[in-house]
Amino acid sequence: MPTTEGGEIVDSTQTAAQWARIRGRLHSEVGDVEYRTWLRQMTFVGLEGEEVTVHLPTRFLRDWVSARYGSRLNALWQSENPAIRRVDLRVGGAMAPIVSGSVVLAAELAAAEPEAPPADLTAPEDRADAKTDLAAALDPRFTFDGFVVGKPNEFAYACARRVAEQPSAHGFNPLFLYGGVGLGKTHLMHAIAWELTKRNETAGPVPLVVTYMSAEKFMYRFIAAIRSHSTMEFKEQLRNVDVLMIDDLQFLIGKDNTQEEFFHTFNYLVEAGKQIVVSSDKSPSDLDLEDRLKTRLGCGMVADLHTTTYELRLSILETKAARAGVPVPTKVLEYLAHKITSNVRELEGALNRLIAHANLFGRAVTLEATHEVLHDLLKAHDRRISIDEIQKKVAEHYGIRLTDMSSARRARQVARPRQVAMYLAKQLTSRSLPEIGKRFGNRDHTTVMHAVARVNELMERDGTFAEDVELLRRLLES
Ligand code: ADP
Ligand code: MG
């Protein structure tokens, strides 16, 4: 059934094609195992106004997908159809128990189970071939050799090296690596594992058992073990390892029984003199975990990976370009290091795109080609608009005082522009609702939410107003 959306006719075949593309993108972004485990059971239900509804069969899956992939889903939908502002993830079809706890989780998982069991349940480590399992989980590029060291990461690197050389050394257990997205936490953990695997090959009769797992996989395994009444085996397996690495520990949050299990395993291993390495995007004290677990996590070595500097970014690019064997002019590398400051993953992605493009078309990498190939990416990075700028432009446009953006005045002639400014702040910056509220005279995040909804509504009803807001947006973006 065709629906009208922002003056455009959106028919269901078009939407279906968009959804198929989004699924495809997600699949390639997260990889097969993750996709099959968490995302395959999403069902597109409908598009209404600016909201898309997607169903998942259980509450557990819904919460999981929402926490882990919600914003990505939003972004992907928006890139397919800019009119879409929200993706509503709902529990659809199957029952949705309200009580939490191991039994219910297990039941939920059983309901969520696809026809064939997810790949990792039949993984070979169940047949005690821990080595192949580990190798399959490790990225061959993530070695110490492939890690470029600079001021922001030298401490974390040194700690990781140390643990790889001598696991369970005093003062380095547990090793807690933390830092923002894409700064090299996973890379360093894999590097430790590779190093130990390499050593195992030349070592004597007793090789070290190394296990690397993401926190989500840990949870998933644990839940699967509950389901198949094999928690004892699961615990035994974990307790037999010499080095246990758990990546992205922040995802263990709020899952009571897995947290509990992790805590016990953790204590047991540390007390038995086994090495633990964990990573997280937050420091131990900032993690949303039980206090006793936080204390435990912070009692070994805590090393943070700082945001990159220009020098580090440049040297990473130089190393990777040299490795790819494609000549990239220094000017281009400097340009990228200057422009893409967010994280190493994006930096790498940009360079890979350039190199792929050059290979594909048999053309040299030049600054012009860089502008062309990375047009959309660079534009996104240019568009770092500040809330100050937005407030200033909007106040100017409507002829009100800048101070009224944060004043308590509620008269329509100041309240409306203020709402427009909040709306634009939400659209054009990556600030959260509470952060935006704070900048507008310490207002509550619900006020911002209301403003965004109100402006959307008005834009739909009032063409002149919509043009006005669009004009402001273009002014700010230019
Ligand atoms: P995190 O786990 O912290 O989110 P990753 O370890 O996955 O980040 O790193 C993201 C990408 O950036 C990976 O491809 C990784 O190899 C690369 N990377 C990060 N830091 C470095 C570095 N110092 N040297 C080389 N590559 C790096
Ligand atoms: Mg990581």
# chains A, B, ... in the order shown; residues from 1 in each chain; ligands from 1

call {"tool": "select_by_dssp", "arguments": {"residues": "stretch 289-407 of chain A", "states": "alpha helix (DSSP H)", "output": "ChimeraX atom specification"}}
result
/A:291-297,310-324,330-339,344-361,367-373,375-382,387-398

call {"tool": "residues_near_ligand", "arguments": {"ligand": "ligand 1", "cutoff": "7 Å", "atoms": "only C-alpha atoms and all ligand atoms", "output": "JSON, numbers by chain"}}
result
{"A": [141, 142, 146, 147, 148, 149, 153, 179, 180, 181, 182, 183, 184, 185, 186, 187, 188, 316, 344, 345, 348]}

call {"tool": "write_last_selection", "arguments": {"atoms": "N, CA, C and O atoms", "output": "mmCIF file, in the first residue's frame"}}
result
data_model
loop_
_atom_site.group_PDB
_atom_site.id
_atom_site.type_symbol
_atom_site.label_atom_id
_atom_site.label_comp_id
_atom_site.auth_asym_id
_atom_site.auth_seq_id
_atom_site.Cartn_x
_atom_site.Cartn_y
_atom_site.Cartn_z
ATOM 1 N N ARG A 141 45.600 -10.086 10.712
ATOM 2 C CA ARG A 141 46.327 -8.806 10.611
ATOM 3 C C ARG A 141 46.632 -8.195 11.970
ATOM 4 O O ARG A 141 47.450 -7.294 12.090
ATOM 5 N N PHE A 142 45.939 -8.673 12.993
ATOM 6 C CA PHE A 142 46.096 -8.048 14.307
ATOM 7 C C PHE A 142 47.256 -8.646 15.094
ATOM 8 O O PHE A 142 47.063 -9.346 16.080
ATOM 9 N N GLY A 146 52.016 -5.624 13.301
ATOM 10 C CA GLY A 146 51.118 -4.765 12.537
ATOM 11 C C GLY A 146 50.587 -3.591 13.346
ATOM 12 O O GLY A 146 49.774 -2.811 12.851
ATOM 13 N N PHE A 147 51.032 -3.471 14.571
ATOM 14 C CA PHE A 147 50.530 -2.404 15.434
ATOM 15 C C PHE A 147 51.516 -1.251 15.440
ATOM 16 O O PHE A 147 52.697 -1.429 15.751
ATOM 17 N N VAL A 148 51.052 -0.082 15.073
ATOM 18 C CA VAL A 148 51.930 1.072 15.033
ATOM 19 C C VAL A 148 51.892 1.777 16.389
ATOM 20 O O VAL A 148 50.824 2.139 16.883
ATOM 21 N N VAL A 149 53.073 1.934 16.968
ATOM 22 C CA VAL A 149 53.135 2.480 18.323
ATOM 23 C C VAL A 149 53.431 3.982 18.304
ATOM 24 O O VAL A 149 54.259 4.454 17.530
ATOM 25 N N ASN A 153 49.349 5.262 22.526
ATOM 26 C CA ASN A 153 49.097 3.849 22.799
ATOM 27 C C ASN A 153 50.309 3.076 23.301
ATOM 28 O O ASN A 153 50.256 1.860 23.461
ATOM 29 N N GLY A 179 39.543 2.157 26.089
ATOM 30 C CA GLY A 179 39.677 3.286 25.182
ATOM 31 C C GLY A 179 38.511 3.320 24.220
ATOM 32 O O GLY A 179 37.747 2.359 24.143
ATOM 33 N N GLY A 180 38.405 4.423 23.506
ATOM 34 C CA GLY A 180 37.279 4.606 22.588
ATOM 35 C C GLY A 180 37.275 3.612 21.440
ATOM 36 O O GLY A 180 38.202 2.818 21.278
ATOM 37 N N VAL A 181 36.235 3.693 20.660
ATOM 38 C CA VAL A 181 36.057 2.783 19.529
ATOM 39 C C VAL A 181 37.175 2.938 18.499
ATOM 40 O O VAL A 181 37.592 4.038 18.184
ATOM 41 N N GLY A 182 37.664 1.804 18.034
ATOM 42 C CA GLY A 182 38.604 1.815 16.925
ATOM 43 C C GLY A 182 40.006 2.286 17.270
ATOM 44 O O GLY A 182 40.753 2.717 16.398
ATOM 45 N N LEU A 183 40.377 2.193 18.530
ATOM 46 C CA LEU A 183 41.719 2.665 18.887
ATOM 47 C C LEU A 183 42.720 1.524 19.065
ATOM 48 O O LEU A 183 43.872 1.758 19.402
ATOM 49 N N GLY A 184 42.291 0.294 18.883
ATOM 50 C CA GLY A 184 43.251 -0.807 18.881
ATOM 51 C C GLY A 184 43.150 -1.805 20.026
ATOM 52 O O GLY A 184 44.067 -2.611 20.216
ATOM 53 N N LYS A 185 42.052 -1.797 20.770
ATOM 54 C CA LYS A 185 41.928 -2.739 21.885
ATOM 55 C C LYS A 185 41.892 -4.180 21.389
ATOM 56 O O LYS A 185 42.647 -5.036 21.855
ATOM 57 N N THR A 186 41.003 -4.425 20.439
ATOM 58 C CA THR A 186 40.882 -5.784 19.906
ATOM 59 C C THR A 186 42.177 -6.210 19.235
ATOM 60 O O THR A 186 42.637 -7.345 19.389
ATOM 61 N N HIS A 187 42.761 -5.285 18.520
ATOM 62 C CA HIS A 187 44.026 -5.571 17.858
ATOM 63 C C HIS A 187 45.066 -6.074 18.872
ATOM 64 O O HIS A 187 45.713 -7.094 18.661
ATOM 65 N N LEU A 188 45.200 -5.366 19.976
ATOM 66 C CA LEU A 188 46.198 -5.765 20.972
ATOM 67 C C LEU A 188 45.873 -7.117 21.608
ATOM 68 O O LEU A 188 46.775 -7.925 21.864
ATOM 69 N N ILE A 316 50.535 5.509 11.097
ATOM 70 C CA ILE A 316 49.703 4.334 10.796
ATOM 71 C C ILE A 316 49.424 4.260 9.291
ATOM 72 O O ILE A 316 49.558 3.209 8.660
ATOM 73 N N VAL A 344 40.999 4.913 14.273
ATOM 74 C CA VAL A 344 41.887 4.250 13.320
ATOM 75 C C VAL A 344 41.099 3.416 12.311
ATOM 76 O O VAL A 344 41.485 3.282 11.163
ATOM 77 N N ARG A 345 39.979 2.871 12.757
ATOM 78 C CA ARG A 345 39.190 2.042 11.846
ATOM 79 C C ARG A 345 38.736 2.850 10.638
ATOM 80 O O ARG A 345 38.837 2.400 9.503
ATOM 81 N N GLU A 348 41.696 3.712 8.393
ATOM 82 C CA GLU A 348 42.047 2.542 7.625
ATOM 83 C C GLU A 348 41.047 2.319 6.486
ATOM 84 O O GLU A 348 41.425 2.028 5.354
#

call {"tool": "residues_around", "arguments": {"residues": "A:Val420", "least_positions_apart": "3", "cutoff": "8 Å", "atoms": "only C-alpha atoms", "output": "JSON, numbers by chain"}}
result
{"A": [394, 416, 417, 423, 424, 451, 452, 455, 469]}

call {"tool": "closest_residue", "arguments": {"among": "A:Ile84, A:Leu458, A:Leu293, A:Leu61", "to": "A:Leu47", "atoms": "only C-alpha atoms"}}
result
A:Ile84

call {"tool": "atom_distance", "arguments": {"atom1": "atom CA of A:Leu402", "atom2": "atom CA of A:Leu476"}}
result
16.2 Å

call {"tool": "closest_residue", "arguments": {"among": "A:Lys339, A:Lys235, A:His55, A:Lys198", "to": "A:Arg90", "atoms": "only C-alpha atoms"}}
result
A:His55

call {"tool": "residues_around", "arguments": {"residues": "A:Gly300", "least_positions_apart": "2", "cutoff": "10 Å", "atoms": "only C-alpha atoms", "output": "list in words"}}
result
Ala169, His170, Gly171, Phe172, Asn173, Pro174, Leu175, Phe176, Ile276, Val277, Thr295, Arg296, Leu297, Gly298, Val302 and Ala303 of chain A

call {"tool": "closest_residue", "arguments": {"among": "A:Leu26, A:Val45, A:Met189, A:Ala356", "to": "ligand 2", "atoms": "only C-alpha atoms and all ligand atoms"}}
result
A:Met189

call {"tool": "closest_residue", "arguments": {"among": "A:Ser280, A:Gln237, A:Thr366, A:Thr15", "to": "A:Leu177", "atoms": "only C-alpha atoms"}}
result
A:Ser280

call {"tool": "residues_around", "arguments": {"residues": "A:Ile387", "least_positions_apart": "5", "cutoff": "9 Å", "atoms": "only C-alpha atoms", "output": "number ranges by chain"}}
result
A: 392, 421-422, 424-425, 428-429, 431, 436, 439

call {"tool": "select_by_dssp", "arguments": {"residues": "stretch 228-470 of chain A", "states": "strand (DSSP E or B)", "output": "list in words"}}
result
Val243, Leu244, Met245, Ile246, Asp247, Gln275, Ile276, Val277, Val278, Ser279, Ser280, Met301, Val302, Ala303, Asp304 and Leu305 of chain A

call {"tool": "residues_around", "arguments": {"residues": "A:Ala322", "least_positions_apart": "5", "cutoff": "12 Å", "atoms": "only C-alpha atoms", "output": "list in words"}}
result
Gly146, Ser315, Ile316, Leu317, Pro327, Val328, Pro329, Thr330, Leu333, Leu351 and Ile355 of chain A

call {"tool": "residues_around", "arguments": {"residues": "stretch 67-82 of chain A", "least_positions_apart": "3", "cutoff": "8 Å", "atoms": "only C-alpha atoms", "output": "ChimeraX atom specification"}}
result
/A:18-19,22,63-64,85-87

call {"tool": "closest_residue", "arguments": {"among": "A:Met245, A:Leu312, A:Tyr335, A:Arg292", "to": "A:His264", "atoms": "only C-alpha atoms"}}
result
A:Arg292

call {"tool": "closest_residue", "arguments": {"among": "A:Thr309, A:Ser279, A:Gln427, A:Thr319", "to": "ligand 2", "atoms": "only C-alpha atoms and all ligand atoms"}}
result
A:Ser279
